[in-house]
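Data file: target-v4.csv. Format and content: CSV, C-alpha atoms.
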```
chain,number,residue,atom,x,y,z
A,1,MET,CA,309.0,-54.1,71.8
A,2,ALA,CA,307.0,-57.1,70.8
A,3,ASP,CA,307.8,-59.3,73.8
A,4,ASP,CA,306.0,-58.9,77.0
A,5,VAL,CA,307.9,-57.3,79.8
A,6,LEU,CA,309.5,-59.9,82.1
A,7,GLN,CA,309.0,-59.7,85.8
A,8,ALA,CA,309.7,-61.9,88.8
A,9,PRO,CA,309.5,-61.9,92.5
A,10,LEU,CA,312.7,-60.8,94.3
A,11,VAL,CA,313.2,-61.3,98.0
A,12,LEU,CA,316.1,-59.7,99.8
A,13,GLU,CA,316.6,-61.1,103.3
A,14,TYR,CA,319.2,-60.5,106.0
A,15,PRO,CA,318.8,-62.7,109.1
A,16,PHE,CA,320.6,-60.4,111.5
A,17,THR,CA,321.1,-61.3,115.1
A,18,ARG,CA,322.5,-58.3,117.0
A,19,THR,CA,324.1,-58.3,120.4
A,20,THR,CA,322.3,-55.9,122.7
A,21,GLY,CA,324.8,-54.5,125.2
A,22,PRO,CA,324.2,-54.1,128.9
A,23,VAL,CA,321.6,-51.3,128.9
A,24,VAL,CA,319.4,-52.4,125.9
A,25,GLY,CA,319.9,-56.0,127.1
A,26,ALA,CA,318.5,-55.1,130.5
A,27,PHE,CA,315.5,-53.3,128.8
A,28,LEU,CA,314.7,-56.4,126.7
A,29,THR,CA,315.2,-58.6,129.8
A,30,GLY,CA,312.6,-56.5,131.6
A,31,LEU,CA,310.1,-56.9,128.7
A,32,ARG,CA,310.5,-60.7,128.9
A,33,GLU,CA,309.8,-60.5,132.6
A,34,GLY,CA,306.8,-58.2,132.1
A,35,VAL,CA,308.3,-54.9,133.4
A,36,VAL,CA,309.4,-51.8,131.5
A,37,LEU,CA,312.8,-50.2,132.3
A,38,GLY,CA,314.2,-46.9,131.5
A,39,VAL,CA,317.6,-45.5,132.2
A,40,LYS,CA,318.6,-42.4,134.3
A,41,ARG,CA,320.2,-39.7,132.3
A,42,THR,CA,322.9,-37.4,133.7
A,43,ASP,CA,320.3,-34.6,134.4
A,44,GLY,CA,318.2,-37.0,136.4
A,45,THR,CA,315.5,-37.5,133.8
A,46,VAL,CA,314.5,-41.1,132.7
A,47,MET,CA,314.8,-42.2,129.1
A,48,CYS,CA,312.6,-45.0,127.9
A,49,PRO,CA,313.3,-46.9,125.8
A,50,PRO,CA,316.8,-46.6,127.1
A,51,LEU,CA,320.1,-46.0,125.3
A,52,GLU,CA,323.7,-46.9,126.3
A,53,TYR,CA,324.8,-43.3,126.0
A,54,ASP,CA,323.1,-39.9,126.8
A,55,PRO,CA,322.1,-38.4,123.4
A,56,LEU,CA,323.0,-34.9,124.7
A,57,ASP,CA,326.5,-35.3,126.0
A,58,ALA,CA,327.4,-38.9,125.0
A,59,SER,CA,328.2,-39.9,128.6
A,60,PRO,CA,327.7,-43.6,129.3
A,61,LEU,CA,324.5,-44.5,131.2
A,62,GLY,CA,323.8,-47.5,133.4
A,63,GLU,CA,321.2,-46.9,136.2
A,64,MET,CA,318.1,-48.7,135.1
A,65,VAL,CA,314.8,-47.8,136.8
A,66,GLU,CA,311.3,-49.4,136.4
A,67,VAL,CA,308.7,-47.1,134.8
A,68,GLY,CA,304.9,-47.5,134.7
A,69,GLN,CA,303.0,-49.6,132.3
A,70,THR,CA,300.5,-46.8,131.7
A,71,GLY,CA,301.3,-43.6,129.9
A,72,THR,CA,300.1,-40.7,127.9
A,73,VAL,CA,299.9,-40.4,124.0
A,74,VAL,CA,302.1,-37.5,123.0
A,75,SER,CA,301.3,-37.7,119.3
A,76,TRP,CA,299.9,-40.3,116.9
A,77,SER,CA,299.1,-41.2,113.3
A,78,TRP,CA,296.7,-43.7,111.9
A,79,GLY,CA,298.5,-46.8,110.5
A,80,GLY,CA,295.6,-48.4,108.7
A,81,PRO,CA,295.7,-52.1,107.7
A,82,PRO,CA,298.8,-53.9,108.8
A,83,ARG,CA,301.6,-54.6,106.2
A,84,PRO,CA,302.2,-58.3,105.6
A,85,GLN,CA,305.1,-58.7,108.0
A,86,GLN,CA,303.7,-56.6,110.8
A,87,PRO,CA,302.6,-58.6,113.8
A,88,PHE,CA,299.1,-57.3,113.9
A,89,ASP,CA,295.8,-58.9,112.7
A,90,ARG,CA,293.9,-55.5,112.7
A,91,ASP,CA,294.3,-51.8,112.0
A,92,VAL,CA,296.5,-50.0,114.5
A,93,ALA,CA,297.5,-46.4,115.3
A,94,TRP,CA,301.1,-45.6,115.7
A,95,ALA,CA,301.8,-43.4,118.8
A,96,LEU,CA,304.6,-41.8,120.8
A,97,ILE,CA,303.8,-42.8,124.4
A,98,THR,CA,305.4,-41.3,127.4
A,99,LEU,CA,305.1,-43.9,130.2
A,100,ASP,CA,304.5,-42.7,133.8
A,101,GLY,CA,307.9,-42.1,135.4
A,102,ALA,CA,309.6,-41.7,132.0
A,103,ASP,CA,310.6,-38.4,130.4
A,104,THR,CA,310.9,-39.5,126.8
A,105,PRO,CA,308.3,-41.2,124.6
A,106,MET,CA,308.4,-44.6,122.9
A,107,LEU,CA,306.9,-45.5,119.6
A,108,HIS,CA,304.4,-48.3,119.6
A,109,ALA,CA,301.0,-49.5,118.3
A,110,VAL,CA,297.7,-48.6,119.9
A,111,PHE,CA,294.7,-50.9,119.4
A,112,VAL,CA,291.5,-48.9,118.9
A,113,ASP,CA,288.6,-49.2,116.4
A,114,GLY,CA,289.4,-46.1,114.4
A,115,PRO,CA,291.1,-42.7,114.3
A,116,ALA,CA,288.1,-41.2,116.1
A,117,ASP,CA,289.2,-43.1,119.2
A,118,MET,CA,292.7,-41.6,119.2
A,119,SER,CA,293.7,-38.2,120.7
A,120,SER,CA,296.9,-36.6,122.0
A,121,GLY,CA,296.8,-36.7,125.8
A,122,MET,CA,294.8,-40.0,126.0
A,123,ARG,CA,295.9,-42.5,128.6
A,124,VAL,CA,297.0,-46.0,127.4
A,125,THR,CA,298.2,-49.2,129.1
A,126,VAL,CA,300.6,-51.9,127.9
A,127,GLN,CA,299.1,-55.1,126.5
A,128,TRP,CA,301.6,-57.9,127.0
A,129,ARG,CA,302.0,-60.9,124.7
A,130,ASP,CA,301.4,-64.2,126.4
A,131,GLU,CA,304.7,-65.6,125.3
A,132,ARG,CA,307.6,-63.3,125.7
A,133,HIS,CA,311.2,-63.7,124.5
A,134,GLY,CA,313.0,-60.4,125.3
A,135,HIS,CA,312.0,-58.4,122.2
A,136,ILE,CA,310.1,-55.1,121.7
A,137,ALA,CA,307.2,-57.2,120.3
A,138,ASP,CA,306.8,-58.7,123.8
A,139,ILE,CA,304.6,-55.6,124.1
A,140,ALA,CA,301.8,-56.5,121.7
A,141,GLY,CA,300.6,-52.9,121.8
A,142,PHE,CA,298.8,-50.4,123.9
A,143,VAL,CA,295.1,-50.2,124.7
A,144,PRO,CA,293.1,-47.2,126.1
A,145,SER,CA,293.5,-47.1,129.8
A,146,GLU,CA,290.4,-47.8,131.9
A,147,GLU,CA,291.4,-45.4,134.7
A,148,SER,CA,289.1,-42.4,135.1
P,149,MET,CA,331.1,-36.0,131.2
P,150,THR,CA,331.3,-34.3,127.9
P,151,TYR,CA,332.6,-35.7,124.6
P,152,SER,CA,336.1,-34.4,123.7
P,153,LYS,CA,337.6,-34.5,120.3
P,154,SER,CA,341.0,-35.1,121.9
P,155,GLN,CA,339.8,-38.5,123.1
P,156,ASP,CA,341.8,-41.3,121.7
P,157,PRO,CA,339.6,-42.7,118.9
P,158,SER,CA,341.0,-46.2,119.4
P,159,SER,CA,340.3,-46.2,123.2
P,160,ARG,CA,337.7,-48.6,124.6
P,161,PRO,CA,334.2,-47.0,124.7
P,162,ALA,CA,333.6,-45.7,128.2
P,163,GLY,CA,330.1,-47.3,128.3
P,164,LEU,CA,331.6,-50.8,128.3
P,165,ASP,CA,333.1,-50.1,131.7
P,166,VAL,CA,329.9,-48.8,133.2
P,167,GLU,CA,328.3,-51.0,135.9
P,168,VAL,CA,324.7,-51.4,134.9
P,169,THR,CA,322.4,-51.5,137.9
P,170,VAL,CA,318.9,-53.0,137.5
P,171,PRO,CA,315.8,-52.9,139.8
P,172,ASP,CA,314.9,-55.9,141.9
P,173,SER,CA,312.2,-57.0,139.4
P,174,ILE,CA,314.9,-58.4,137.0
P,175,ALA,CA,317.8,-58.8,139.4
P,176,GLY,CA,318.0,-62.6,139.5
P,177,VAL,CA,317.1,-63.5,136.0
P,178,GLU,CA,319.2,-64.5,133.0
P,179,ARG,CA,320.0,-61.4,131.0
P,180,VAL,CA,319.0,-61.1,127.3
P,181,GLN,CA,322.3,-60.8,125.3
P,182,SER,CA,321.0,-60.7,121.7
P,183,VAL,CA,317.9,-60.0,119.6
P,184,ARG,CA,316.9,-61.3,116.2
P,185,THR,CA,316.3,-58.4,113.8
P,186,PRO,CA,315.7,-59.9,110.4
P,187,ILE,CA,315.2,-57.6,107.5
P,188,ARG,CA,313.2,-58.8,104.5
P,189,ILE,CA,312.3,-56.8,101.4
P,190,GLU,CA,310.0,-58.2,98.7
P,191,TYR,CA,310.1,-56.7,95.3
P,192,THR,CA,308.6,-57.4,91.9
P,193,TYR,CA,311.7,-57.2,89.7
P,194,THR,CA,311.4,-55.9,86.1
P,195,PRO,CA,314.7,-56.4,84.3
P,196,GLY,CA,314.4,-54.0,81.4
P,197,GLU,CA,315.0,-54.7,77.7
P,198,ALA,CA,318.7,-55.7,77.6
P,199,LEU,CA,318.5,-58.1,80.5
P,200,SER,CA,315.1,-59.4,79.3
P,201,ALA,CA,316.8,-60.4,76.0
P,202,TYR,CA,319.6,-62.0,78.1
P,203,LEU,CA,317.1,-64.0,80.1
P,204,ARG,CA,315.1,-65.1,77.0
P,205,GLY,CA,318.4,-66.2,75.4
P,206,MET,CA,319.2,-68.3,78.5
P,207,LYS,CA,316.1,-70.5,77.7
P,208,ASP,CA,317.9,-71.4,74.4
P,209,LYS,CA,321.3,-71.7,76.0
P,210,LYS,CA,322.5,-68.5,74.4
P,211,ILE,CA,324.5,-65.9,76.2
P,212,LEU,CA,323.4,-62.5,74.9
P,213,ALA,CA,325.6,-59.5,75.8
P,214,GLU,CA,325.6,-55.8,74.7
P,215,ARG,CA,328.3,-53.6,73.4
P,216,CYS,CA,329.2,-50.0,74.3
P,217,PRO,CA,329.2,-48.0,71.0
P,218,LYS,CA,331.8,-45.6,72.3
P,219,THR,CA,334.4,-47.9,73.9
P,220,GLY,CA,333.6,-51.2,72.2
P,221,GLN,CA,333.4,-53.0,75.6
P,222,VAL,CA,331.1,-56.0,75.8
P,223,PHE,CA,329.0,-56.3,79.0
P,224,VAL,CA,327.4,-59.5,80.3
P,225,PRO,CA,324.9,-59.7,81.8
P,226,PRO,CA,323.8,-56.6,80.0
P,227,ARG,CA,322.1,-53.8,81.9
P,228,GLY,CA,321.4,-51.7,78.8
P,229,VAL,CA,323.8,-48.9,79.8
P,230,SER,CA,327.5,-48.7,79.6
P,231,PRO,CA,328.8,-48.0,83.1
P,232,VAL,CA,332.0,-46.5,81.6
P,233,ALA,CA,330.5,-44.1,79.0
P,234,GLY,CA,327.1,-43.6,80.5
P,235,ILE,CA,325.3,-44.2,77.2
P,236,LEU,CA,322.9,-46.9,75.9
P,237,THR,CA,324.6,-50.1,74.8
P,238,GLU,CA,323.8,-51.9,71.6
P,239,GLY,CA,323.0,-55.6,71.1
P,240,PRO,CA,322.5,-58.3,71.3
P,241,VAL,CA,326.0,-59.7,71.0
P,242,GLU,CA,326.1,-63.4,71.3
P,243,LEU,CA,329.0,-64.8,73.3
P,244,PRO,CA,330.3,-68.4,73.4
P,245,ASP,CA,329.8,-70.3,76.6
P,246,THR,CA,333.6,-70.6,77.0
P,247,GLY,CA,336.1,-68.4,78.8
P,248,TYR,CA,338.7,-68.5,81.5
P,249,VAL,CA,338.9,-67.9,85.3
P,250,GLU,CA,339.9,-64.3,85.9
P,251,SER,CA,339.9,-64.6,89.6
P,252,PHE,CA,338.5,-67.1,92.1
P,253,ASN,CA,337.9,-67.9,95.8
P,254,ILE,CA,337.7,-71.2,97.6
P,255,THR,CA,335.1,-71.2,100.3
P,256,ARG,CA,335.6,-73.7,103.1
P,257,VAL,CA,332.9,-72.7,105.6
P,258,PRO,CA,329.2,-73.4,105.0
P,259,ILE,CA,326.6,-70.6,104.6
P,260,ALA,CA,323.5,-71.4,106.7
P,261,SER,CA,321.1,-69.9,104.1
P,262,ARG,CA,322.7,-71.8,101.1
P,263,PRO,CA,322.7,-75.5,102.2
P,264,GLU,CA,323.1,-76.5,98.5
P,265,LEU,CA,326.6,-75.1,98.5
P,266,GLU,CA,328.7,-77.8,100.1
P,267,PRO,CA,332.2,-76.7,101.0
P,268,PRO,CA,334.8,-76.6,99.7
P,269,TYR,CA,333.5,-74.9,96.6
P,270,VAL,CA,335.0,-72.5,94.1
P,271,SER,CA,333.4,-69.2,93.1
P,272,ALA,CA,335.0,-67.4,90.2
P,273,TRP,CA,334.8,-64.4,87.9
P,274,VAL,CA,334.7,-66.1,84.5
P,275,LEU,CA,335.8,-63.9,81.6
P,276,LEU,CA,333.9,-65.2,78.6
P,277,ASP,CA,335.6,-65.1,75.2
P,278,GLY,CA,334.8,-61.8,73.7
P,279,ALA,CA,333.5,-60.2,76.9
P,280,SER,CA,335.0,-57.2,78.8
P,281,VAL,CA,333.8,-58.0,82.2
P,282,GLY,CA,333.6,-61.2,84.3
P,283,LEU,CA,330.5,-63.3,85.0
P,284,MET,CA,330.2,-64.7,88.5
P,285,GLY,CA,329.8,-68.4,88.8
P,286,LEU,CA,330.9,-71.7,90.4
P,287,VAL,CA,333.7,-73.8,89.0
P,288,ILE,CA,332.5,-77.4,89.2
P,289,ASN,CA,333.3,-80.9,88.2
P,290,CYS,CA,336.9,-80.6,89.4
P,291,GLN,CA,338.9,-80.4,92.6
P,292,PRO,CA,339.4,-76.9,94.1
P,293,GLU,CA,343.1,-77.3,93.8
P,294,ASP,CA,342.8,-77.7,90.0
P,295,VAL,CA,341.5,-74.2,89.6
P,296,LYS,CA,344.1,-71.6,88.7
P,297,LEU,CA,344.1,-68.0,87.3
P,298,GLY,CA,343.7,-68.6,83.6
P,299,THR,CA,342.0,-72.0,83.8
P,300,ARG,CA,339.9,-72.4,80.6
P,301,VAL,CA,336.2,-73.3,81.4
P,302,ARG,CA,333.0,-74.1,79.7
P,303,ALA,CA,329.4,-73.6,80.9
P,304,VAL,CA,327.6,-76.6,82.4
P,305,TRP,CA,323.9,-76.1,81.5
P,306,LYS,CA,320.8,-77.6,83.0
P,307,PRO,CA,319.2,-80.4,81.0
P,308,ASP,CA,317.2,-79.0,78.0
P,309,ASP,CA,313.8,-79.9,79.5
P,310,GLU,CA,314.6,-77.9,82.7
P,311,LEU,CA,315.7,-74.6,81.0
P,312,GLU,CA,314.0,-71.5,82.1
P,313,MET,CA,314.4,-67.8,81.5
P,314,ALA,CA,317.0,-67.6,84.3
P,315,ALA,CA,320.7,-67.2,84.8
P,316,THR,CA,320.5,-70.3,87.0
P,317,ASN,CA,320.4,-72.3,83.8
P,318,ILE,CA,324.2,-72.3,84.0
P,319,LEU,CA,324.9,-74.7,86.9
P,320,GLY,CA,328.5,-73.8,86.9
P,321,TRP,CA,331.7,-73.8,84.8
P,322,GLU,CA,333.9,-76.8,84.3
P,323,PRO,CA,337.5,-76.9,83.1
P,324,THR,CA,337.9,-77.7,79.4
P,325,GLY,CA,341.3,-79.2,79.7
P,326,GLU,CA,342.8,-76.7,77.3
P,327,PRO,CA,346.1,-75.0,78.3
P,328,ASP,CA,345.7,-72.2,80.9
P,329,VAL,CA,345.7,-68.7,79.6
P,330,ASP,CA,349.1,-67.2,80.4
P,331,ILE,CA,348.8,-65.1,83.6
P,332,VAL,CA,350.7,-62.3,81.9
P,333,ASP,CA,348.0,-62.0,79.2
P,334,ILE,CA,345.1,-61.9,81.6
P,335,GLU,CA,345.2,-58.1,82.0
P,336,THR,CA,345.1,-57.6,78.3
P,337,ILE,CA,342.7,-60.1,76.8
P,338,GLY,CA,339.4,-58.6,78.0
P,339,GLN,CA,338.7,-55.5,76.0
P,340,LYS,CA,339.1,-52.9,78.8
P,341,GLY,CA,338.1,-50.0,76.6
P,342,ASP,CA,339.1,-46.4,76.7
P,343,LEU,CA,337.0,-43.2,76.5
P,344,GLU,CA,339.9,-41.3,74.9
```
Could you spell out this file's structure in structure tokens?
Amino acid sequence: MADDVLQAPLVLEYPFTRTTGPVVGAFLTGLREGVVLGVKRTDGTVMCPPLEYDPLDASPLGEMVEVGQTGTVVSWSWGGPPRPQQPFDRDVAWALITLDGADTPMLHAVFVDGPADMSSGMRVTVQWRDERHGHIADIAGFVPSEES
Amino acid sequence: MTYSKSQDPSSRPAGLDVEVTVPDSIAGVERVQSVRTPIRIEYTYTPGEALSAYLRGMKDKKILAERCPKTGQVFVPPRGVSPVAGILTEGPVELPDTGYVESFNITRVPIASRPELEPPYVSAWVLLDGASVGLMGLVINCQPEDVKLGTRVRAVWKPDDELEMAATNILGWEPTGEPDVDIVDIETIGQKGDLE
């Protein structure tokens, strides 16, 4: 084929707005107000981030409880440089973090200098964004906890 | 409570009737009801040989299709493969920029992301003369009420000095004023093809 191969940028974009429902809506409301909420499951444990229904028996849930803003890294992987649309200006680690008072972990970013600073079992604390709108990104990320 | 298969599937989800209780820390504040979750995917798109020829033809106001060697069907825009026979198509087959409205839709509400489309507007499948499948486009330069199944149309091209290697060179399709194609013939004019 003599001609050069054609190519062009192609952008697919869907500007979804989703309604949140009472439980997830309360969770996001909490984030906007600077608190983290979980939901009580039928067995008495606390799920955070919360869901409208118990994943085990599908029963509807509705008792929101406040959990801690410090927690423990359950597992992690190094994310490296942020992708263009990620809200970070630096490398991050991705971690599953079980907040104090919660029984399930949430996925979020941890700000450290490199993978050598990450370990399972390490303690981390929420770093809030200055402007909050009721979105998971209201939590900018987590930083190593200064507690001893 | 456990999920039961005998539960009426059309019944209201039980969770909607649950009273959600919140701690005092957010008790008095306005509740978040929705969240924006935009999805955006950026590609570098490479069209392949058949579609590249189509796009190059567009720069010269030519419509270049391809033909299935087994069924004789003519596909535009060409993808290089016959979706019916699953084999490579042959081309190019140059088509005229005339055809008729095979089906159409009048849109009367605006789309936020397409401010250039001012309602009411008519989008249509235009079956080009000699083609087996319709080509999507707008019917322009007429009233929406003037568009019918079978209305003969011709391409309205961008000015010559604005032509690019792009399907958007065709601004739309305007009625030619020729007599409508008889609605009874519409099912038979386009070569539908047959693998037998």
Restrict the distance test to all atoms listed in the file, flag each residue of chain P within 9 Å of chain A, and return the flagged residues as a PDB file with C-alpha atoms, in the frame of the given file.
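For reference, part37.pdb as written:
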```pdb
ATOM      1  CA  MET P 149     331.100 -36.000 131.200  1.00  0.00           C
ATOM      2  CA  THR P 150     331.300 -34.300 127.900  1.00  0.00           C
ATOM      3  CA  TYR P 151     332.600 -35.700 124.600  1.00  0.00           C
ATOM      4  CA  PRO P 161     334.200 -47.000 124.700  1.00  0.00           C
ATOM      5  CA  ALA P 162     333.600 -45.700 128.200  1.00  0.00           C
ATOM      6  CA  GLY P 163     330.100 -47.300 128.300  1.00  0.00           C
ATOM      7  CA  LEU P 164     331.600 -50.800 128.300  1.00  0.00           C
ATOM      8  CA  ASP P 165     333.100 -50.100 131.700  1.00  0.00           C
ATOM      9  CA  VAL P 166     329.900 -48.800 133.200  1.00  0.00           C
ATOM     10  CA  GLU P 167     328.300 -51.000 135.900  1.00  0.00           C
ATOM     11  CA  VAL P 168     324.700 -51.400 134.900  1.00  0.00           C
ATOM     12  CA  THR P 169     322.400 -51.500 137.900  1.00  0.00           C
ATOM     13  CA  VAL P 170     318.900 -53.000 137.500  1.00  0.00           C
ATOM     14  CA  PRO P 171     315.800 -52.900 139.800  1.00  0.00           C
ATOM     15  CA  SER P 173     312.200 -57.000 139.400  1.00  0.00           C
ATOM     16  CA  ILE P 174     314.900 -58.400 137.000  1.00  0.00           C
ATOM     17  CA  VAL P 177     317.100 -63.500 136.000  1.00  0.00           C
ATOM     18  CA  GLU P 178     319.200 -64.500 133.000  1.00  0.00           C
ATOM     19  CA  ARG P 179     320.000 -61.400 131.000  1.00  0.00           C
ATOM     20  CA  VAL P 180     319.000 -61.100 127.300  1.00  0.00           C
ATOM     21  CA  GLN P 181     322.300 -60.800 125.300  1.00  0.00           C
ATOM     22  CA  SER P 182     321.000 -60.700 121.700  1.00  0.00           C
ATOM     23  CA  VAL P 183     317.900 -60.000 119.600  1.00  0.00           C
ATOM     24  CA  ARG P 184     316.900 -61.300 116.200  1.00  0.00           C
ATOM     25  CA  THR P 185     316.300 -58.400 113.800  1.00  0.00           C
ATOM     26  CA  PRO P 186     315.700 -59.900 110.400  1.00  0.00           C
ATOM     27  CA  ILE P 187     315.200 -57.600 107.500  1.00  0.00           C
ATOM     28  CA  ARG P 188     313.200 -58.800 104.500  1.00  0.00           C
ATOM     29  CA  ILE P 189     312.300 -56.800 101.400  1.00  0.00           C
ATOM     30  CA  GLU P 190     310.000 -58.200  98.700  1.00  0.00           C
ATOM     31  CA  TYR P 191     310.100 -56.700  95.300  1.00  0.00           C
ATOM     32  CA  THR P 192     308.600 -57.400  91.900  1.00  0.00           C
ATOM     33  CA  TYR P 193     311.700 -57.200  89.700  1.00  0.00           C
ATOM     34  CA  THR P 194     311.400 -55.900  86.100  1.00  0.00           C
ATOM     35  CA  PRO P 195     314.700 -56.400  84.300  1.00  0.00           C
ATOM     36  CA  GLY P 196     314.400 -54.000  81.400  1.00  0.00           C
ATOM     37  CA  GLU P 197     315.000 -54.700  77.700  1.00  0.00           C
ATOM     38  CA  SER P 200     315.100 -59.400  79.300  1.00  0.00           C
ATOM     39  CA  LEU P 203     317.100 -64.000  80.100  1.00  0.00           C
TER      40      LEU P 203
END
```
Original post:
Which residue out of P:Gly247, P:Pro292, P:Pro258, P:Gly205 has the minimum interatomic distance to P:Asp277 when only C-alpha atoms are used?
Top reply: P:Gly247
Original post:
So how far away is atom CA of P:Leu199 from atom CA of P:Arg215, in Å?
Top reply: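 Atom-to-atom, atom CA of P:Arg215 to atom CA of P:Leu199, that is 12.9 Å.
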Subject >> For P:Tyr269, the nearest of the candidates P:Val281, P:Ile211, P:Leu236, P:Trp321, counting all atoms listed in the file >> reply: P:Trp321
Within 10 Å of (331.9, -65.1, 78.9) (file coordinates; all atoms listed in the file), which protein or nucleic acid residues are there? I'd like them as a short mmCIF file (atom, residue, chain, number, x, y, z; two decimals) with C-alpha atoms, in the coordinates of the input.
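Okay, this is what ended up in selection_35.cif:
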```cif
data_model
loop_
_atom_site.label_atom_id
_atom_site.label_comp_id
_atom_site.auth_asym_id
_atom_site.auth_seq_id
_atom_site.Cartn_x
_atom_site.Cartn_y
_atom_site.Cartn_z
CA ILE P 211 324.50 -65.90 76.20
CA LEU P 212 323.40 -62.50 74.90
CA ALA P 213 325.60 -59.50 75.80
CA VAL P 222 331.10 -56.00 75.80
CA PHE P 223 329.00 -56.30 79.00
CA VAL P 224 327.40 -59.50 80.30
CA PRO P 225 324.90 -59.70 81.80
CA GLU P 242 326.10 -63.40 71.30
CA LEU P 243 329.00 -64.80 73.30
CA PRO P 244 330.30 -68.40 73.40
CA ASP P 245 329.80 -70.30 76.60
CA THR P 246 333.60 -70.60 77.00
CA GLY P 247 336.10 -68.40 78.80
CA TYR P 248 338.70 -68.50 81.50
CA VAL P 249 338.90 -67.90 85.30
CA TRP P 273 334.80 -64.40 87.90
CA VAL P 274 334.70 -66.10 84.50
CA LEU P 275 335.80 -63.90 81.60
CA LEU P 276 333.90 -65.20 78.60
CA ASP P 277 335.60 -65.10 75.20
CA GLY P 278 334.80 -61.80 73.70
CA ALA P 279 333.50 -60.20 76.90
CA SER P 280 335.00 -57.20 78.80
CA VAL P 281 333.80 -58.00 82.20
CA GLY P 282 333.60 -61.20 84.30
CA LEU P 283 330.50 -63.30 85.00
CA MET P 284 330.20 -64.70 88.50
CA VAL P 301 336.20 -73.30 81.40
CA ARG P 302 333.00 -74.10 79.70
CA ALA P 303 329.40 -73.60 80.90
CA GLY P 338 339.40 -58.60 78.00
#
```
Original post:
Between P:Val241, P:Val304, P:Leu319, P:Val270, which one has atoms that come closest to P:Thr255, using all atoms listed in the file?
Top reply: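 Closest to P:Thr255, using all atoms listed in the file: P:Val270.
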Original post:
What lies within 9 Å of stretch 114-116 of chain A using all atoms listed in the file, ignoring chain neighbours under 6 positions off, as number ranges by chain?
Top reply: A: 77-78, 80, 91-93
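With distances restricted to only C-alpha atoms, A:Ala102 is the closest residue to A:Met47 from A:Ala102, A:Val74, A:Ala109, A:Val143.
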Subject >> Pairwise distance for atom CA of P:Ile288 and atom CA of P:Ala260, rounded to one decimal in Å >> reply: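 If I compute the distance from atom CA of P:Ile288 to atom CA of P:Ala260, I get 20.6 Å.
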Original post:
So which residues touch A:Ser75 within 6 Å, counting all atoms listed in the file, skipping near sequence neighbours fewer than 2 positions away, as a list in words?
Top reply: Val73, Ala95, Leu96 and Ser120 of chain A
**OP:** Measure the distance from atom CA of A:Arg129 to atom CA of A:Glu147 in Å and round it to one decimal.
**Re:**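 Computed distance, atom CA of A:Arg129 to atom CA of A:Glu147, equals 21.3 Å.
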Subject >> Pick from A:Pro55, A:Gly121, A:Gly141, A:Gly68 nearest to A:Leu107, counting only C-alpha atoms >> reply: A:Gly141
Original post:
Neighbours of P:Gly298 within 8 Å (only C-alpha atoms; same-chain residues fewer than 5 positions away dropped), as a PyMOL selection string?
Top reply: chain P and resi 248-250+328-331+334
**OP:** Would you mind telling me which residue in A:Pro84, A:Val112, A:Thr72, A:Met122 lies nearest to A:Thr98 when using only C-alpha atoms?
**Re:**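 Among A:Pro84, A:Val112, A:Thr72, A:Met122, it is A:Thr72 that comes nearest to A:Thr98.
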